[in-house]
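J.: Just so it is clear, I am handing over work_9.pdb, which has PDB, C-alpha atoms, pLDDT in the B column.
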ATOM      1  CA  MET A 214     -14.003  84.427 -14.939  1.00 45.00           C
ATOM      2  CA  SER A 215     -10.330  85.130 -14.881  1.00 45.00           C
ATOM      3  CA  GLU A 216      -8.775  88.199 -13.311  1.00 48.00           C
ATOM      4  CA  SER A 217      -7.906  89.551 -16.746  1.00 44.00           C
ATOM      5  CA  THR A 218     -11.548  89.514 -17.873  1.00 47.00           C
ATOM      6  CA  LEU A 219     -12.712  91.529 -14.873  1.00 49.00           C
ATOM      7  CA  ASN A 220     -12.429  95.279 -14.835  1.00 51.00           C
ATOM      8  CA  THR A 221     -10.367  95.516 -11.649  1.00 51.00           C
ATOM      9  CA  SER A 222     -10.998  99.237 -11.277  1.00 51.00           C
ATOM     10  CA  ASN A 223     -14.746  98.646 -11.095  1.00 56.00           C
ATOM     11  CA  ARG A 224     -15.022  95.665  -8.716  1.00 56.00           C
ATOM     12  CA  GLU A 225     -17.594  97.413  -6.541  1.00 55.00           C
ATOM     13  CA  SER A 226     -20.107  96.925  -9.344  1.00 64.00           C
ATOM     14  CA  TYR A 227     -19.798  93.130  -9.039  1.00 80.00           C
ATOM     15  CA  ARG A 228     -22.269  91.532  -6.663  1.00 83.00           C
ATOM     16  CA  LEU A 229     -21.616  87.930  -5.745  1.00 86.00           C
ATOM     17  CA  ALA A 230     -24.420  85.758  -4.439  1.00 88.00           C
ATOM     18  CA  ILE A 231     -23.414  82.702  -2.440  1.00 92.00           C
ATOM     19  CA  ILE A 232     -26.380  80.364  -1.995  1.00 90.00           C
ATOM     20  CA  GLY A 233     -26.075  77.677   0.645  1.00 90.00           C
ATOM     21  CA  ASN A 234     -28.314  75.274   2.486  1.00 88.00           C
ATOM     22  CA  LYS A 235     -27.099  76.274   5.990  1.00 89.00           C
ATOM     23  CA  ALA A 236     -25.610  79.498   7.321  1.00 90.00           C
ATOM     24  CA  SER A 237     -23.227  77.579   9.561  1.00 90.00           C
ATOM     25  CA  MET A 238     -21.816  75.832   6.482  1.00 90.00           C
ATOM     26  CA  LEU A 239     -21.007  79.197   4.900  1.00 91.00           C
ATOM     27  CA  VAL A 240     -19.298  80.433   8.047  1.00 92.00           C
ATOM     28  CA  ASN A 241     -17.365  77.196   8.670  1.00 92.00           C
ATOM     29  CA  PHE A 242     -16.323  76.320   5.120  1.00 93.00           C
ATOM     30  CA  ARG A 243     -16.541  79.524   3.044  1.00 93.00           C
ATOM     31  CA  LYS A 244     -15.433  82.132   5.591  1.00 94.00           C
ATOM     32  CA  ASP A 245     -12.021  82.684   3.983  1.00 94.00           C
ATOM     33  CA  LEU A 246     -13.568  82.966   0.521  1.00 93.00           C
ATOM     34  CA  ILE A 247     -16.123  85.540   1.723  1.00 94.00           C
ATOM     35  CA  ILE A 248     -13.447  87.586   3.493  1.00 95.00           C
ATOM     36  CA  ASP A 249     -11.137  87.494   0.450  1.00 94.00           C
ATOM     37  CA  LEU A 250     -13.922  88.598  -1.889  1.00 93.00           C
ATOM     38  CA  ILE A 251     -14.944  91.464   0.391  1.00 93.00           C
ATOM     39  CA  THR A 252     -11.357  92.663   0.890  1.00 93.00           C
ATOM     40  CA  SER A 253     -10.942  92.558  -2.908  1.00 92.00           C
ATOM     41  CA  GLY A 254     -13.822  95.014  -3.192  1.00 91.00           C
ATOM     42  CA  TYR A 255     -16.703  92.763  -4.177  1.00 90.00           C
ATOM     43  CA  SER A 256     -20.183  92.999  -2.675  1.00 90.00           C
ATOM     44  CA  VAL A 257     -21.056  89.558  -1.240  1.00 93.00           C
ATOM     45  CA  HIS A 258     -24.653  88.466  -0.570  1.00 92.00           C
ATOM     46  CA  CYS A 259     -25.148  85.223   1.374  1.00 94.00           C
ATOM     47  CA  MET A 260     -28.503  83.528   0.773  1.00 93.00           C
ATOM     48  CA  VAL A 261     -29.521  80.693   3.085  1.00 92.00           C
ATOM     49  CA  PRO A 262     -32.731  79.257   4.588  1.00 91.00           C
ATOM     50  CA  ALA A 263     -33.983  80.385   8.000  1.00 86.00           C
ATOM     51  CA  SER A 264     -31.098  80.606  10.461  1.00 85.00           C
ATOM     52  CA  SER A 265     -30.430  81.419  14.077  1.00 90.00           C
ATOM     53  CA  GLU A 266     -29.503  84.928  15.195  1.00 93.00           C
ATOM     54  CA  LYS A 267     -25.999  83.695  16.026  1.00 93.00           C
ATOM     55  CA  GLU A 268     -25.499  82.430  12.453  1.00 92.00           C
ATOM     56  CA  LYS A 269     -26.876  85.655  10.968  1.00 92.00           C
ATOM     57  CA  ARG A 270     -24.576  87.722  13.138  1.00 94.00           C
ATOM     58  CA  ALA A 271     -21.562  85.597  12.128  1.00 94.00           C
ATOM     59  CA  ILE A 272     -22.190  86.268   8.421  1.00 94.00           C
ATOM     60  CA  LEU A 273     -22.834  89.962   8.974  1.00 94.00           C
ATOM     61  CA  GLU A 274     -19.599  90.255  10.984  1.00 94.00           C
ATOM     62  CA  LEU A 275     -17.719  88.986   7.934  1.00 93.00           C
ATOM     63  CA  GLY A 276     -19.001  92.031   6.044  1.00 94.00           C
ATOM     64  CA  ALA A 277     -21.444  90.207   3.783  1.00 95.00           C
ATOM     65  CA  SER A 278     -25.135  90.916   3.521  1.00 93.00           C
ATOM     66  CA  PHE A 279     -27.539  88.210   4.677  1.00 91.00           C
ATOM     67  CA  ASP A 280     -30.803  87.123   3.053  1.00 92.00           C
ATOM     68  CA  GLU A 281     -33.078  84.232   3.958  1.00 92.00           C
ATOM     69  CA  PHE A 282     -35.175  82.181   1.557  1.00 91.00           C
ATOM     70  CA  TYR A 283     -37.921  79.642   2.154  1.00 91.00           C
ATOM     71  CA  LEU A 284     -36.871  75.994   2.260  1.00 90.00           C
ATOM     72  CA  GLU A 285     -38.843  73.007   3.514  1.00 88.00           C
ATOM     73  CA  ARG A 286     -36.048  70.492   4.068  1.00 82.00           C
ATOM     74  CA  ASN A 287     -38.052  67.294   4.569  1.00 86.00           C
ATOM     75  CA  SER A 288     -40.815  67.685   2.022  1.00 83.00           C
ATOM     76  CA  ALA A 289     -41.430  65.900  -1.262  1.00 88.00           C
ATOM     77  CA  ASN A 290     -44.277  68.284  -2.087  1.00 89.00           C
ATOM     78  CA  PRO A 291     -43.623  70.047  -5.424  1.00 91.00           C
ATOM     79  CA  PHE A 292     -45.506  73.132  -4.194  1.00 93.00           C
ATOM     80  CA  HIS A 293     -42.869  73.600  -1.500  1.00 91.00           C
ATOM     81  CA  ASP A 294     -40.216  73.424  -4.228  1.00 90.00           C
ATOM     82  CA  ILE A 295     -42.058  76.069  -6.232  1.00 91.00           C
ATOM     83  CA  HIS A 296     -42.265  78.228  -3.115  1.00 92.00           C
ATOM     84  CA  THR A 297     -38.489  77.840  -2.672  1.00 90.00           C
ATOM     85  CA  LEU A 298     -37.890  78.794  -6.300  1.00 89.00           C
ATOM     86  CA  VAL A 299     -40.103  81.889  -6.056  1.00 90.00           C
ATOM     87  CA  SER A 300     -38.420  82.875  -2.800  1.00 91.00           C
ATOM     88  CA  LEU A 301     -34.954  82.624  -4.374  1.00 88.00           C
ATOM     89  CA  MET A 302     -36.061  84.454  -7.513  1.00 86.00           C
ATOM     90  CA  SER A 303     -37.377  87.371  -5.466  1.00 87.00           C
ATOM     91  CA  LEU A 304     -34.025  87.656  -3.668  1.00 87.00           C
ATOM     92  CA  ILE A 305     -32.105  87.412  -6.925  1.00 84.00           C
ATOM     93  CA  LYS A 306     -34.214  90.192  -8.455  1.00 81.00           C
ATOM     94  CA  LYS A 307     -32.841  92.527  -5.783  1.00 80.00           C
ATOM     95  CA  LEU A 308     -29.366  92.080  -7.243  1.00 78.00           C
ATOM     96  CA  ILE A 309     -28.446  93.502 -10.611  1.00 64.00           C
ATOM     97  CA  HIS A 310     -26.292  91.132 -12.711  1.00 61.00           C
ATOM     98  CA  PRO A 311     -25.056  88.963  -9.849  1.00 57.00           C
ATOM     99  CA  VAL A 312     -22.391  86.289 -10.199  1.00 63.00           C
ATOM    100  CA  PHE A 313     -23.436  83.086  -8.410  1.00 63.00           C
ATOM    101  CA  LEU A 314     -21.545  80.504  -6.445  1.00 60.00           C
ATOM    102  CA  HIS A 315     -24.045  77.767  -5.760  1.00 62.00           C
ATOM    103  CA  LEU A 316     -22.463  75.420  -3.241  1.00 60.00           C
ATOM    104  CA  LEU A 317     -24.933  72.548  -3.577  1.00 56.00           C
ATOM    105  CA  LEU A 318     -24.395  72.185  -7.341  1.00 52.00           C
ATOM    106  CA  SER A 319     -20.630  72.080  -6.930  1.00 54.00           C
ATOM    107  CA  GLN A 320     -21.042  69.262  -4.407  1.00 54.00           C
ATOM    108  CA  LEU A 321     -23.408  67.304  -6.665  1.00 54.00           C
ATOM    109  CA  PHE A 322     -21.273  67.581  -9.779  1.00 54.00           C
ATOM    110  CA  GLY A 323     -17.878  67.390  -8.075  1.00 53.00           C
ATOM    111  CA  ASP A 324     -16.289  70.827  -8.393  1.00 50.00           C
TER     112      ASP A 324
END
What do you get writing this file as structure tokens?
T.:
Amino acid sequence: MSESTLNTSNRESYRLAIIGNKASMLVNFRKDLIIDLITSGYSVHCMVPASSEKEKRAILELGASFDEFYLERNSANPFHDIHTLVSLMSLIKKLIHPVFLHLLLSQLFGD
């Protein structure tokens, strides 16, 4: 989405969901992006698996909201994958028309 396609006077209506596999990764590698989006007037929602209180606090201090989803990292059980999908879908339902930045997909397919 280019700047010209966005209604710049109504940025508050845009909710951006950043889904990552670790909260520390968001803080270490996407901190500047999150800060820039928030200062531009966007509502940023960070979604990551279970995290420590320190990691949660670091994301909240950036001004973003923080949501956790279920993820079993070392399982090949398809039921765990379904549980992860349902967990993410329930979080996504809370947002109305979100724009997503999924960090894992960009790493798999090379930006």
J.: Tell me, in Å to one decimal, how far CA of Glu266 in chain A is from CA of Ala230 in chain A.
T.: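 Separating CA of Glu266 in chain A from CA of Ala230 in chain A is a distance of 20.3 Å.
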J.: Mind checking which residues fall within 10 Å of Leu304 in chain A, counting all atoms listed in the file, ignoring those fewer than 6 positions away in the same chain, and posting them as a list in words?
T.: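 Skipping anything fewer than 6 positions along the chain leaves Ala230, His258, Met260, Asp280, Glu281 and Phe282 of chain A.
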J.: Which of these residues is nearest to Glu268 in chain A, using all atoms listed in the file: A:Ser288, A:Thr297, A:Ser237, A:Thr252?
T.: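 That would be A:Ser237, the residue with the smallest distance to Glu268 in chain A.
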J.: Please, what distance in Å, to one decimal, runs between CA of Phe242 in chain A and CA of Ile295 in chain A?
T.: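 Distance between the two atoms: 28.1 Å.
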J.: What separation in Å, quoted to one decimal, exists between CA of His296 in chain A and CA of Asn241 in chain A?
T.: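 The value is 27.6 Å.
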J.: May I ask which of the residues A:Val257, A:Leu229, A:Tyr283, A:Ala263 is the closest one to Met302 in chain A, counting all atoms listed in the file?
T.: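 For Met302 in chain A, the nearest of the candidates is A:Tyr283.
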